[in-house]
Amino acid sequence: MRISELSRRTGVSIPTIKFYLREELLPPGSPKARNQAEYGERHLRRIWLIRTFTTVGGLDLSSVRKLIQVIEDESLPLAALYRILDRTMARPPLEPPCPDSVTQAQDQVGRLMEQLGWRPLDDSGGATTLVQVLAALRTLGCESDLAFLLPYAQAAEALAQAELDLLAGDDGEPDRGAAVVRGVLLDVASAALRRMAHEQQVLVRLPDAAG
């Protein structure tokens, strides 16, 4: 297909597609004539992947580029793929609201992981984010203890297990692309489900909210 049809089928403008090509987010088409190229299903899927990651996933193009490289690098072990995915999805470190709160939050996260039998990782973006959240809660007088956090962690563990159970493709080989797509989109889905549950609980426990 020509670039005009690629634009029509994806709903992405031709200038944006050309930008993806220049930035090597999209592989080049097959040359057919001077200043003309043909594109195929691979290009369709890649554009949908980019748009999904940036719109639904809320990722910037730098993160999208990194994840595309991870998908295509078949020499990269799956464990390394997931480490890169988790670091990419983690929020960047911020200035701690209160150093004392951070120290206490780090201890709390450490005790939570120990209780769950989770092994500590030096480069865990998730643990860093959780420390920041707990430190902010403590600073604002909204401290959440281990008993409160434990069900969250256990639910997250069950979701992670279910996600990894889907790792093998139809041919028995791991589908790297599907693994990364699920890693991005199910993170969004988890947050959406929590908000939906919260909305329902508000309606049940605070009936006047319905009015």
# chains A, B, ... in the order shown; residues from 1 in each chain; ligands from 1

call {"tool": "select_by_dssp", "arguments": {"residues": "range 156-186 of chain A", "states": "helix (DSSP H, G or I)", "output": "ChimeraX atom specification"}}
result
/A:156-165,176-186

call {"tool": "write_last_selection", "arguments": {"atoms": "N, CA and C atoms", "output": "PDB file, in the first residue's frame"}}
result
ATOM      1  N   ALA A 156      -1.661  -7.584  43.337  1.00  0.00           N
ATOM      2  CA  ALA A 156      -0.698  -7.311  42.269  1.00  0.00           C
ATOM      3  C   ALA A 156       0.086  -8.570  41.911  1.00  0.00           C
ATOM      4  N   GLU A 157       0.434  -9.367  42.916  1.00  0.00           N
ATOM      5  CA  GLU A 157       1.171 -10.607  42.661  1.00  0.00           C
ATOM      6  C   GLU A 157       0.322 -11.580  41.850  1.00  0.00           C
ATOM      7  N   ALA A 158      -0.958 -11.700  42.188  1.00  0.00           N
ATOM      8  CA  ALA A 158      -1.850 -12.590  41.448  1.00  0.00           C
ATOM      9  C   ALA A 158      -1.999 -12.133  39.995  1.00  0.00           C
ATOM     10  N   LEU A 159      -2.095 -10.819  39.789  1.00  0.00           N
ATOM     11  CA  LEU A 159      -2.199 -10.287  38.431  1.00  0.00           C
ATOM     12  C   LEU A 159      -0.926 -10.556  37.630  1.00  0.00           C
ATOM     13  N   ALA A 160       0.226 -10.393  38.271  1.00  0.00           N
ATOM     14  CA  ALA A 160       1.501 -10.646  37.590  1.00  0.00           C
ATOM     15  C   ALA A 160       1.627 -12.112  37.203  1.00  0.00           C
ATOM     16  N   GLN A 161       1.189 -13.008  38.074  1.00  0.00           N
ATOM     17  CA  GLN A 161       1.228 -14.436  37.763  1.00  0.00           C
ATOM     18  C   GLN A 161       0.329 -14.759  36.576  1.00  0.00           C
ATOM     19  N   ALA A 162      -0.871 -14.193  36.578  1.00  0.00           N
ATOM     20  CA  ALA A 162      -1.797 -14.432  35.476  1.00  0.00           C
ATOM     21  C   ALA A 162      -1.243 -13.902  34.158  1.00  0.00           C
ATOM     22  N   GLU A 163      -0.575 -12.759  34.227  1.00  0.00           N
ATOM     23  CA  GLU A 163       0.004 -12.166  33.016  1.00  0.00           C
ATOM     24  C   GLU A 163       1.109 -13.042  32.448  1.00  0.00           C
ATOM     25  N   LEU A 164       1.983 -13.556  33.312  1.00  0.00           N
ATOM     26  CA  LEU A 164       3.083 -14.401  32.840  1.00  0.00           C
ATOM     27  C   LEU A 164       2.583 -15.754  32.346  1.00  0.00           C
ATOM     28  N   ASP A 165       1.427 -16.192  32.838  1.00  0.00           N
ATOM     29  CA  ASP A 165       0.844 -17.439  32.340  1.00  0.00           C
ATOM     30  C   ASP A 165       0.468 -17.325  30.867  1.00  0.00           C
ATOM     31  N   ARG A 176       7.096 -11.890  22.328  1.00  0.00           N
ATOM     32  CA  ARG A 176       7.732 -10.746  22.974  1.00  0.00           C
ATOM     33  C   ARG A 176       6.873  -9.488  22.830  1.00  0.00           C
ATOM     34  N   GLY A 177       6.308  -9.313  21.648  1.00  0.00           N
ATOM     35  CA  GLY A 177       5.485  -8.137  21.428  1.00  0.00           C
ATOM     36  C   GLY A 177       4.257  -8.129  22.324  1.00  0.00           C
ATOM     37  N   ALA A 178       3.589  -9.287  22.421  1.00  0.00           N
ATOM     38  CA  ALA A 178       2.395  -9.371  23.265  1.00  0.00           C
ATOM     39  C   ALA A 178       2.753  -9.158  24.724  1.00  0.00           C
ATOM     40  N   ALA A 179       3.927  -9.648  25.146  1.00  0.00           N
ATOM     41  CA  ALA A 179       4.360  -9.468  26.533  1.00  0.00           C
ATOM     42  C   ALA A 179       4.509  -7.991  26.873  1.00  0.00           C
ATOM     43  N   VAL A 180       5.114  -7.230  25.962  1.00  0.00           N
ATOM     44  CA  VAL A 180       5.318  -5.800  26.208  1.00  0.00           C
ATOM     45  C   VAL A 180       3.981  -5.053  26.141  1.00  0.00           C
ATOM     46  N   VAL A 181       3.147  -5.402  25.163  1.00  0.00           N
ATOM     47  CA  VAL A 181       1.840  -4.751  25.045  1.00  0.00           C
ATOM     48  C   VAL A 181       1.014  -4.974  26.307  1.00  0.00           C
ATOM     49  N   ARG A 182       0.979  -6.209  26.787  1.00  0.00           N
ATOM     50  CA  ARG A 182       0.233  -6.483  28.023  1.00  0.00           C
ATOM     51  C   ARG A 182       0.841  -5.736  29.199  1.00  0.00           C
ATOM     52  N   GLY A 183       2.171  -5.682  29.255  1.00  0.00           N
ATOM     53  CA  GLY A 183       2.820  -4.981  30.355  1.00  0.00           C
ATOM     54  C   GLY A 183       2.421  -3.517  30.423  1.00  0.00           C
ATOM     55  N   VAL A 184       2.263  -2.897  29.264  1.00  0.00           N
ATOM     56  CA  VAL A 184       1.877  -1.485  29.222  1.00  0.00           C
ATOM     57  C   VAL A 184       0.386  -1.304  29.486  1.00  0.00           C
ATOM     58  N   LEU A 185      -0.435  -2.047  28.744  1.00  0.00           N
ATOM     59  CA  LEU A 185      -1.873  -1.795  28.793  1.00  0.00           C
ATOM     60  C   LEU A 185      -2.547  -2.349  30.039  1.00  0.00           C
ATOM     61  N   LEU A 186      -2.065  -3.478  30.568  1.00  0.00           N
ATOM     62  CA  LEU A 186      -2.682  -3.999  31.785  1.00  0.00           C
ATOM     63  C   LEU A 186      -2.335  -3.156  32.993  1.00  0.00           C
TER      64      LEU A 186
END

call {"tool": "closest_atom_pairs", "arguments": {"of": "range 151-194 of chain A", "to": "range 110-126 of chain A", "cutoff": "12 Å", "atoms": "only C-alpha atoms", "output": "tab-separated table"}}
result
residue	atom	partner	partner_atom	distance
A:Pro151	CA	A:Leu116	CA	10.6
A:Tyr152	CA	A:Leu112	CA	10.8
A:Ala153	CA	A:Leu116	CA	8.2
A:Gln154	CA	A:Leu116	CA	7.9
A:Ala155	CA	A:Leu116	CA	11.6
A:Ala156	CA	A:Leu116	CA	11.4
A:Glu157	CA	A:Leu116	CA	9.3
A:Asp187	CA	A:Gly126	CA	11.8

call {"tool": "residues_around", "arguments": {"residues": "Glu38 in chain A", "least_positions_apart": "3", "cutoff": "9 Å", "atoms": "only C-alpha atoms", "output": "PyMOL selection string"}}
result
chain A and resi 1-3+28-32

call {"tool": "closest_residue", "arguments": {"among": "A:Leu78, A:Asp145, A:Ala192, A:Glu41", "to": "Leu167 in chain A", "atoms": "only C-alpha atoms"}}
result
A:Leu78

call {"tool": "select_by_dssp", "arguments": {"residues": "chain A", "states": "strand (DSSP E)", "output": "PyMOL selection string"}}
result
chain A and resi 30-33+36-38

call {"tool": "write_last_selection", "arguments": {"atoms": "all heavy atoms", "output": "PDB file, in the first residue's frame"}}
result
ATOM      1  N   SER A  30       9.235  -0.556   1.197  1.00  0.00           N
ATOM      2  CA  SER A  30       9.985  -1.137   0.083  1.00  0.00           C
ATOM      3  C   SER A  30       9.978  -0.158  -1.090  1.00  0.00           C
ATOM      4  O   SER A  30       8.899   0.213  -1.573  1.00  0.00           O
ATOM      5  CB  SER A  30       9.345  -2.461  -0.347  1.00  0.00           C
ATOM      6  OG  SER A  30       9.288  -3.369   0.734  1.00  0.00           O
ATOM      7  N   PRO A  31      11.163   0.268  -1.555  1.00  0.00           N
ATOM      8  CA  PRO A  31      11.209   1.233  -2.659  1.00  0.00           C
ATOM      9  C   PRO A  31      10.556   0.666  -3.916  1.00  0.00           C
ATOM     10  O   PRO A  31      10.806  -0.468  -4.304  1.00  0.00           O
ATOM     11  CB  PRO A  31      12.716   1.446  -2.866  1.00  0.00           C
ATOM     12  CG  PRO A  31      13.364   0.987  -1.598  1.00  0.00           C
ATOM     13  CD  PRO A  31      12.496  -0.117  -1.078  1.00  0.00           C
ATOM     14  N   LYS A  32       9.694   1.456  -4.548  1.00  0.00           N
ATOM     15  CA  LYS A  32       9.020   1.022  -5.765  1.00  0.00           C
ATOM     16  C   LYS A  32       9.328   1.949  -6.936  1.00  0.00           C
ATOM     17  O   LYS A  32       9.354   1.523  -8.075  1.00  0.00           O
ATOM     18  CB  LYS A  32       7.508   0.972  -5.543  1.00  0.00           C
ATOM     19  CG  LYS A  32       7.076  -0.132  -4.587  1.00  0.00           C
ATOM     20  CD  LYS A  32       7.475  -1.513  -5.094  1.00  0.00           C
ATOM     21  CE  LYS A  32       7.040  -2.613  -4.148  1.00  0.00           C
ATOM     22  NZ  LYS A  32       7.475  -3.946  -4.614  1.00  0.00           N
ATOM     23  N   ALA A  33       9.509   3.209  -6.653  1.00  0.00           N
ATOM     24  CA  ALA A  33       9.822   4.199  -7.679  1.00  0.00           C
ATOM     25  C   ALA A  33      10.473   5.376  -6.979  1.00  0.00           C
ATOM     26  O   ALA A  33      10.581   5.400  -5.751  1.00  0.00           O
ATOM     27  CB  ALA A  33       8.556   4.625  -8.420  1.00  0.00           C
ATOM     28  N   GLN A  36       8.922   6.992  -3.879  1.00  0.00           N
ATOM     29  CA  GLN A  36       7.739   6.206  -3.555  1.00  0.00           C
ATOM     30  C   GLN A  36       8.151   4.904  -2.886  1.00  0.00           C
ATOM     31  O   GLN A  36       9.210   4.345  -3.181  1.00  0.00           O
ATOM     32  CB  GLN A  36       6.915   5.889  -4.813  1.00  0.00           C
ATOM     33  CG  GLN A  36       6.235   7.109  -5.428  1.00  0.00           C
ATOM     34  CD  GLN A  36       5.338   6.727  -6.581  1.00  0.00           C
ATOM     35  OE1 GLN A  36       5.164   5.556  -6.885  1.00  0.00           O
ATOM     36  NE2 GLN A  36       4.745   7.734  -7.217  1.00  0.00           N
ATOM     37  N   ALA A  37       7.317   4.438  -1.973  1.00  0.00           N
ATOM     38  CA  ALA A  37       7.590   3.180  -1.279  1.00  0.00           C
ATOM     39  C   ALA A  37       6.271   2.477  -0.991  1.00  0.00           C
ATOM     40  O   ALA A  37       5.211   3.105  -0.941  1.00  0.00           O
ATOM     41  CB  ALA A  37       8.343   3.438   0.021  1.00  0.00           C
ATOM     42  N   GLU A  38       6.375   1.169  -0.828  1.00  0.00           N
ATOM     43  CA  GLU A  38       5.208   0.359  -0.495  1.00  0.00           C
ATOM     44  C   GLU A  38       5.300  -0.059   0.977  1.00  0.00           C
ATOM     45  O   GLU A  38       6.379  -0.351   1.494  1.00  0.00           O
ATOM     46  CB  GLU A  38       5.155  -0.887  -1.380  1.00  0.00           C
ATOM     47  CG  GLU A  38       4.758  -0.618  -2.817  1.00  0.00           C
ATOM     48  CD  GLU A  38       3.275  -0.295  -2.944  1.00  0.00           C
ATOM     49  OE1 GLU A  38       2.473  -0.879  -2.180  1.00  0.00           O
ATOM     50  OE2 GLU A  38       2.925   0.562  -3.778  1.00  0.00           O
TER      51      GLU A  38
END
